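K.L.:
Below is a structure I'd like to ask you about.
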Amino acid sequence: MATATLSIDLTALTDNWRRLNAMCGALAGAVVKADAYGLGLKQVADALATAGARVFFVAAAEEGAALRKILGPGPVINVFSGHMAGDTDLIGQAQLTPMLNSIDQMSRHMETLPGHGFGIQLDTGMNRLGMEAAEWQALRDLALAQKPALIMSHLACADEPDAPMNARQLQTFREMTAGVTAPRSLAATGGTLLGPDYHFDMVRPGIGVYGGLPFVDAKPVVTLDVPVIQIRDVAPGETVGYGNTWTARSPSRIATISAGYADGIIRAMGPRAALYTESSAVPVVGRISMDLIGVDVTGLAEEPESLQLLGRHQSVDTLAEFAGTIGYEILTSLGARYRRVYC
Ligand SMILES: *Cc1c(COP(=O)(O)O)cnc(C)c1O
């Protein structure tokens, strides 16, 4: 079989959530947008619900409707994008809680689903989603009278503990929510790690649950093993791959493995990424193709049947650094072709 195997350790994943949950006084939510950061909404949400998660966050109403089918009635499903035109039926039928981002969304919600639960998203400086101070000022009394389920905002620089932006946003969030009795939420993974000042009534970790930075102590969740299709000898002067970017300097053994940039293995990581056996590292040679990667296995005593790209030797964040990106992008780019194994 030429299909690479992506193993997802649900025990490590739920353990990460439990540890983030234990850092704060109240029950943590869990962010499962984008197919649970590419790891599989059904398996991840079931595991988190079994571990005790009761409040889930998704980006869009469609994701929320899919999640409701998985979880059944009971758990709270909050939608970051709020109540968009066209979302009303989904929000109503799937019992989703939109985080309303504007006066427009508030009006739409009140008119189309009166009495249906909602939350409020406030902009405290990131300028991405949420009501700004003036908008909130105008709406505050009306909104609070309807008893919002959550009032939330999002930090722009929480992965940099020393960034002055964190304290500024915290201060703004406190000012905008002074006197409010509704539950409040400011922190994602980074904010959870900033300490109790940032926790309020609920934290919303995503990446830390999936084993990524800034949760330094996270247990790794994903392993990617890629089968070797073919191994060949190349003589000095011969080249490997598109564009002849690698030339053998000495007699070499080259393994061709069965995964490529169509599977989320970003071409830019090629020059720095390695593949691993149990005990050895072997370098990528030549350009990463759509479905194939060349690996110099000259140094190995035995011919490998597969090589590991992600796992205990090389983390999601290490690969991200090699590709000039972040762990979030590596995870959410993981390909649809992998055989996914949950353990
Ligand atoms: C994605 C997201 C989260 C989770 O962020 P992580 O950094 O992955 O923990 C929390 N809140 C909002 C608004 C988000 O968009």
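How things are named: the first chain in the structure tokens is A, the next is B, and so on; residues count from 1 in each chain; ligands count from 1 in the order shown.
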Give me the residues near segment 288-299 of chain A as a list in words, where near means some atom within 7 Å (using only C-alpha atoms) and where sequence neighbours in that chain fewer than 4 positions away do not count.
P.N.:
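With the cut-off at 7 Å, the set is Ser252, Arg253, Ile254, Ala255, Thr256, Ile257, Ser258, Ala259, Gly260, Tyr261, Ala262, Arg267, Gly270, Val282, Pro283 and Val284 of chain A.
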K.L.:
How would you write, as a list of chain:residue names, the set of residues no farther than 6 Å from ligand 1 when counting only C-alpha atoms and all ligand atoms?
P.N.:
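Those within range of ligand 1 are A:Val31, A:His154, A:Ala188, A:Thr189, A:Arg204, A:Pro205, A:Gly206, A:Ile207, A:Gly208.
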K.L.:
Give me the residues near Ala45 of chain A as a PDB file with N, CA and C atoms, in the first residue's frame, where near means some atom within 9 Å (using only C-alpha atoms) and where sequence neighbours in that chain fewer than 4 positions away do not count.
P.N.:
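Below is the file out37.pdb, written as the result:
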```pdb
ATOM      1  N   ALA A  30     -13.551  23.719  24.156  1.00  0.00           N
ATOM      2  CA  ALA A  30     -12.622  23.067  23.229  1.00  0.00           C
ATOM      3  C   ALA A  30     -12.920  23.590  21.830  1.00  0.00           C
ATOM      4  N   VAL A  32     -12.821  23.152  17.962  1.00  0.00           N
ATOM      5  CA  VAL A  32     -12.738  22.041  17.002  1.00  0.00           C
ATOM      6  C   VAL A  32     -13.034  22.511  15.579  1.00  0.00           C
ATOM      7  N   ALA A  36     -11.477  19.891  13.393  1.00  0.00           N
ATOM      8  CA  ALA A  36     -10.623  19.687  14.566  1.00  0.00           C
ATOM      9  C   ALA A  36      -9.148  19.821  14.173  1.00  0.00           C
ATOM     10  N   GLY A  40      -9.768  15.414  12.365  1.00  0.00           N
ATOM     11  CA  GLY A  40     -10.985  14.589  12.268  1.00  0.00           C
ATOM     12  C   GLY A  40     -12.009  14.987  13.322  1.00  0.00           C
ATOM     13  N   LEU A  41     -13.044  15.710  12.885  1.00  0.00           N
ATOM     14  CA  LEU A  41     -14.024  16.261  13.833  1.00  0.00           C
ATOM     15  C   LEU A  41     -14.696  15.167  14.656  1.00  0.00           C
ATOM     16  N   ALA A  49     -15.641  14.961  24.310  1.00  0.00           N
ATOM     17  CA  ALA A  49     -16.898  14.893  25.062  1.00  0.00           C
ATOM     18  C   ALA A  49     -16.790  13.811  26.146  1.00  0.00           C
ATOM     19  N   THR A  50     -16.196  12.689  25.788  1.00  0.00           N
ATOM     20  CA  THR A  50     -16.010  11.617  26.771  1.00  0.00           C
ATOM     21  C   THR A  50     -15.091  12.066  27.900  1.00  0.00           C
ATOM     22  N   ALA A  53     -15.547  17.501  28.105  1.00  0.00           N
ATOM     23  CA  ALA A  53     -15.803  18.811  27.491  1.00  0.00           C
ATOM     24  C   ALA A  53     -17.308  18.974  27.240  1.00  0.00           C
ATOM     25  N   PHE A  56     -18.174  23.555  23.000  1.00  0.00           N
ATOM     26  CA  PHE A  56     -17.322  23.444  21.815  1.00  0.00           C
ATOM     27  C   PHE A  56     -17.431  24.725  20.995  1.00  0.00           C
ATOM     28  N   LEU A  67     -21.171  19.088  13.789  1.00  0.00           N
ATOM     29  CA  LEU A  67     -20.789  18.718  15.163  1.00  0.00           C
ATOM     30  C   LEU A  67     -22.006  18.296  15.983  1.00  0.00           C
ATOM     31  N   ILE A  70     -22.808  14.787  15.504  1.00  0.00           N
ATOM     32  CA  ILE A  70     -21.849  13.907  16.190  1.00  0.00           C
ATOM     33  C   ILE A  70     -22.151  13.841  17.687  1.00  0.00           C
ATOM     34  N   LEU A  71     -22.408  14.997  18.276  1.00  0.00           N
ATOM     35  CA  LEU A  71     -22.511  15.056  19.746  1.00  0.00           C
ATOM     36  C   LEU A  71     -23.917  14.799  20.274  1.00  0.00           C
TER      37      LEU A  71
END
```
K.L.:
Choose the residue, out of A:Ala133, A:Met202, A:Ala274, A:Ala167, that has the smallest atom-to-atom separation from Met23 of chain A; count only C-alpha atoms.
P.N.:
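Selected residue with least distance to Met23 of chain A: A:Met202.
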K.L.:
Find the residues near Ala51 of chain A: any atom within 9 Å, counting only C-alpha atoms, skip ones fewer than 6 places away on the same chain, and give them as a list in words.
P.N.:
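Answer for this query is Thr14, Asp15, Trp17 and Arg18 of chain A.
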K.L.:
Report as a PyMOL selection string all protein, DNA and RNA residues lying within 9 Å of segment 147-150 of chain A, evaluated on only C-alpha atoms, omitting residues in the same chain fewer than 5 positions from it.
P.N.:
chain A and resi 97+99+117-121+181-185+201-202
K.L.:
Select from segment 74-116 of chain A everything DSSP, run on the backbone, classes as alpha helix (DSSP H), then give the selection as a list in words.
P.N.:
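Taking segment 74-116 of chain A and keeping alpha helix (DSSP H) only, one gets Thr88, Asp89, Leu90, Ile91, Gly92, Gln93, Ile103, Asp104, Gln105, Met106, Ser107, Arg108, His109, Met110, Glu111 and Thr112 of chain A.
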K.L.:
Residues of segment 214-253 of chain A within 12 Å of segment 8-13 of chain A: nearest atom pair and distance (Å, one decimal) for each, counting only C-alpha atoms, sorted by chain and number, as a tab-separated table?
P.N.:
```
residue	atom	partner	partner_atom	distance
A:Asp217	CA	A:Ala12	CA	11.4
A:Ala218	CA	A:Ala12	CA	8.3
A:Lys219	CA	A:Ala12	CA	5.6
A:Pro220	CA	A:Ala12	CA	6.8
A:Val221	CA	A:Asp9	CA	4.9
A:Val222	CA	A:Ile8	CA	4.8
A:Thr223	CA	A:Ile8	CA	6.7
A:Leu224	CA	A:Ile8	CA	9.0
A:Asp225	CA	A:Ile8	CA	11.6
```
K.L.:
Mind dumping a table of every segment 127-185 of chain A residue within 8 Å of segment 190-199 of chain A, with the nearest atom pair and its distance in Å to one decimal, using only C-alpha atoms, sorted by chain and rising number, as a tab-separated table?
P.N.:
```
residue	atom	partner	partner_atom	distance
A:Leu155	CA	A:Gly191	CA	7.2
A:Ala158	CA	A:Gly190	CA	4.7
A:Asp159	CA	A:Gly190	CA	4.9
A:Glu160	CA	A:Gly190	CA	8.0
A:Pro161	CA	A:Leu194	CA	6.4
A:Leu170	CA	A:Tyr198	CA	7.0
A:Ser185	CA	A:His199	CA	6.8
```
K.L.:
Using only C-alpha atoms, which residues sit within 6 Å of Gly335 of chain A once same-chain residues fewer than 2 positions away are excluded, as a ChimeraX atom specification?
P.N.:
/A:263-264,337
K.L.:
Which polymer residues have any atom within 8 Å of an atom of segment 105-109 of chain A, counting only C-alpha atoms, with same-chain residues fewer than 6 positions away left out, as a compact mmCIF listing (two decimals) with all heavy atoms, in the first residue's frame?
P.N.:
```
# COMPACT_ATOMS: atom_id res chain seq x y z
N GLY A 82 -20.63 34.00 14.13
CA GLY A 82 -21.89 34.65 14.51
C GLY A 82 -23.06 34.16 13.69
O GLY A 82 -23.14 32.99 13.32
N HIS A 83 -23.96 35.07 13.39
CA HIS A 83 -25.19 34.73 12.66
C HIS A 83 -25.16 35.44 11.31
O HIS A 83 -25.52 36.60 11.19
CB HIS A 83 -26.41 35.17 13.50
CG HIS A 83 -27.71 34.67 12.98
ND1 HIS A 83 -28.79 34.41 13.79
CD2 HIS A 83 -28.12 34.40 11.71
CE1 HIS A 83 -29.81 33.98 13.05
NE2 HIS A 83 -29.42 33.98 11.80
N MET A 84 -24.72 34.72 10.28
CA MET A 84 -24.64 35.28 8.94
C MET A 84 -25.98 35.08 8.22
O MET A 84 -26.74 34.18 8.55
CB MET A 84 -23.55 34.55 8.13
CG MET A 84 -22.16 34.63 8.71
SD MET A 84 -21.35 36.18 8.30
CE MET A 84 -21.02 35.91 6.56
N ALA A 85 -26.19 35.91 7.18
CA ALA A 85 -27.36 35.69 6.33
C ALA A 85 -27.28 34.27 5.79
O ALA A 85 -26.21 33.83 5.36
CB ALA A 85 -27.35 36.70 5.18
N THR A 88 -29.65 31.07 9.48
CA THR A 88 -30.73 30.99 10.48
C THR A 88 -31.26 29.58 10.69
O THR A 88 -31.40 29.13 11.83
CB THR A 88 -31.88 31.94 10.07
OG1 THR A 88 -31.32 33.24 9.88
CG2 THR A 88 -32.96 31.99 11.13
```
K.L.:
For segment 44-163 of chain A versus segment 173-176 of chain A, which residues have an atom no more than 10 Å away, and what is each residue's nearest atom pair and distance in Å rounded to one decimal, using only C-alpha atoms, chain-then-number order, as CSV?
P.N.:
```
residue,atom,partner,partner_atom,distance
A:Leu122,CA,A:Phe173,CA,7.9
A:Asp123,CA,A:Phe173,CA,8.4
A:Thr124,CA,A:Phe173,CA,6.0
A:Gly125,CA,A:Phe173,CA,9.5
A:Glu132,CA,A:Met176,CA,9.5
A:Ala133,CA,A:Met176,CA,7.1
A:Trp136,CA,A:Met176,CA,8.0
A:Gln137,CA,A:Met176,CA,8.4
A:Arg140,CA,A:Met176,CA,9.4
A:Ile151,CA,A:Phe173,CA,9.7
A:Met152,CA,A:Phe173,CA,8.5
A:Ser153,CA,A:Phe173,CA,7.2
A:His154,CA,A:Phe173,CA,9.4
```
K.L.:
Restricted to N, CA, C and O atoms, what would the selected residues look like written as a PDB file, in the first residue's frame?
P.N.:
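As written to disk, result-v4.pdb reads:
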```
ATOM      1  N   LEU A 122     -16.577  40.665  21.247  1.00  0.00           N
ATOM      2  CA  LEU A 122     -16.128  42.056  21.301  1.00  0.00           C
ATOM      3  C   LEU A 122     -14.740  42.162  20.681  1.00  0.00           C
ATOM      4  O   LEU A 122     -13.910  41.265  20.845  1.00  0.00           O
ATOM      5  N   ASP A 123     -14.487  43.261  19.992  1.00  0.00           N
ATOM      6  CA  ASP A 123     -13.138  43.514  19.479  1.00  0.00           C
ATOM      7  C   ASP A 123     -12.390  44.333  20.515  1.00  0.00           C
ATOM      8  O   ASP A 123     -12.799  45.445  20.847  1.00  0.00           O
ATOM      9  N   THR A 124     -11.301  43.779  21.032  1.00  0.00           N
ATOM     10  CA  THR A 124     -10.506  44.513  22.034  1.00  0.00           C
ATOM     11  C   THR A 124      -9.171  44.960  21.450  1.00  0.00           C
ATOM     12  O   THR A 124      -8.231  45.256  22.186  1.00  0.00           O
ATOM     13  N   GLY A 125      -9.077  44.988  20.104  1.00  0.00           N
ATOM     14  CA  GLY A 125      -7.874  45.542  19.503  1.00  0.00           C
ATOM     15  C   GLY A 125      -7.299  44.740  18.354  1.00  0.00           C
ATOM     16  O   GLY A 125      -6.428  45.217  17.636  1.00  0.00           O
ATOM     17  N   GLU A 132     -16.967  46.717  18.077  1.00  0.00           N
ATOM     18  CA  GLU A 132     -16.056  47.721  18.618  1.00  0.00           C
ATOM     19  C   GLU A 132     -16.751  48.480  19.738  1.00  0.00           C
ATOM     20  O   GLU A 132     -17.971  48.394  19.904  1.00  0.00           O
ATOM     21  N   ALA A 133     -15.965  49.245  20.476  1.00  0.00           N
ATOM     22  CA  ALA A 133     -16.482  49.889  21.685  1.00  0.00           C
ATOM     23  C   ALA A 133     -17.764  50.692  21.429  1.00  0.00           C
ATOM     24  O   ALA A 133     -18.739  50.565  22.172  1.00  0.00           O
ATOM     25  N   TRP A 136     -20.757  48.435  20.705  1.00  0.00           N
ATOM     26  CA  TRP A 136     -21.119  47.738  21.941  1.00  0.00           C
ATOM     27  C   TRP A 136     -21.849  48.686  22.889  1.00  0.00           C
ATOM     28  O   TRP A 136     -22.850  48.332  23.504  1.00  0.00           O
ATOM     29  N   GLN A 137     -21.348  49.906  22.974  1.00  0.00           N
ATOM     30  CA  GLN A 137     -21.975  50.937  23.810  1.00  0.00           C
ATOM     31  C   GLN A 137     -23.445  51.100  23.444  1.00  0.00           C
ATOM     32  O   GLN A 137     -24.331  51.133  24.293  1.00  0.00           O
ATOM     33  N   ARG A 140     -25.318  47.580  24.240  1.00  0.00           N
ATOM     34  CA  ARG A 140     -25.030  46.856  25.476  1.00  0.00           C
ATOM     35  C   ARG A 140     -26.271  46.550  26.314  1.00  0.00           C
ATOM     36  O   ARG A 140     -26.519  45.391  26.666  1.00  0.00           O
ATOM     37  N   ILE A 151     -19.780  36.272  26.730  1.00  0.00           N
ATOM     38  CA  ILE A 151     -19.218  37.479  26.122  1.00  0.00           C
ATOM     39  C   ILE A 151     -17.729  37.213  25.959  1.00  0.00           C
ATOM     40  O   ILE A 151     -17.039  36.892  26.931  1.00  0.00           O
ATOM     41  N   MET A 152     -17.262  37.277  24.737  1.00  0.00           N
ATOM     42  CA  MET A 152     -15.882  36.850  24.479  1.00  0.00           C
ATOM     43  C   MET A 152     -15.109  37.863  23.646  1.00  0.00           C
ATOM     44  O   MET A 152     -15.677  38.718  22.971  1.00  0.00           O
ATOM     45  N   SER A 153     -13.781  37.742  23.719  1.00  0.00           N
ATOM     46  CA  SER A 153     -12.908  38.480  22.821  1.00  0.00           C
ATOM     47  C   SER A 153     -11.682  37.606  22.576  1.00  0.00           C
ATOM     48  O   SER A 153     -11.565  36.527  23.156  1.00  0.00           O
ATOM     49  N   HIS A 154     -10.798  38.049  21.698  1.00  0.00           N
ATOM     50  CA  HIS A 154      -9.669  37.199  21.297  1.00  0.00           C
ATOM     51  C   HIS A 154      -8.386  38.015  21.322  1.00  0.00           C
ATOM     52  O   HIS A 154      -8.358  39.169  20.904  1.00  0.00           O
TER      53      HIS A 154
END
```
K.L.:
Let's see if you can do this: from backbone DSSP, list all strand (DSSP E or B) residues in segment 109-249 of chain A, as a list of chain:residue names.
P.N.:
A:Gly119, A:Ile120, A:Gln121, A:Leu122, A:Met131, A:Ile151, A:Met152, A:Arg184, A:Ser185, A:Val222, A:Thr223, A:Leu224, A:Asp225, A:Val226, A:Pro227, A:Val228, A:Ile229, A:Gln230, A:Ile231, A:Arg232, A:Asp233, A:Val234, A:Thr239, A:Val240, A:Trp246, A:Thr247
K.L.:
Just write the chosen residues, C-alpha atoms, as a JSON list (two decimals), in the first residue's frame.
P.N.:
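Output (selection.json):
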```json
[["chain", "number", "residue", "atom", "x", "y", "z"],
["A", 119, "GLY", "CA", -23.14, 35.17, 22.70],
["A", 120, "ILE", "CA", -21.36, 38.43, 21.95],
["A", 121, "GLN", "CA", -17.91, 38.81, 20.48],
["A", 122, "LEU", "CA", -16.13, 42.06, 21.30],
["A", 131, "MET", "CA", -18.16, 44.64, 18.08],
["A", 151, "ILE", "CA", -19.22, 37.48, 26.12],
["A", 152, "MET", "CA", -15.88, 36.85, 24.48],
["A", 184, "ARG", "CA", -16.84, 35.96, 29.94],
["A", 185, "SER", "CA", -14.04, 34.41, 27.88],
["A", 222, "VAL", "CA", 0.26, 13.09, 15.46],
["A", 223, "THR", "CA", 2.65, 10.63, 13.85],
["A", 224, "LEU", "CA", 3.11, 10.36, 10.09],
["A", 225, "ASP", "CA", 4.70, 7.25, 8.57],
["A", 226, "VAL", "CA", 5.34, 7.28, 4.84],
["A", 227, "PRO", "CA", 5.94, 4.05, 2.87],
["A", 228, "VAL", "CA", 9.04, 3.64, 0.73],
["A", 229, "ILE", "CA", 7.99, 2.77, -2.82],
["A", 230, "GLN", "CA", 11.39, 2.19, -4.36],
["A", 231, "ILE", "CA", 15.09, 2.37, -3.53],
["A", 232, "ARG", "CA", 17.80, 2.93, -6.15],
["A", 233, "ASP", "CA", 21.53, 3.47, -6.38],
["A", 234, "VAL", "CA", 22.74, 6.69, -7.92],
["A", 239, "THR", "CA", 20.70, 14.12, -9.99],
["A", 240, "VAL", "CA", 17.42, 13.51, -8.14],
["A", 246, "TRP", "CA", 20.41, 17.68, -5.87],
["A", 247, "THR", "CA", 23.46, 15.96, -7.29]]
```
K.L.:
Just checking: using only C-alpha atoms, which residue out of A:Thr177, A:Val79, A:Arg339, A:Pro251 ends up closest to Met1 of chain A?
P.N.:
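Checking each candidate against Met1 of chain A, we get A:Arg339 as the closest.
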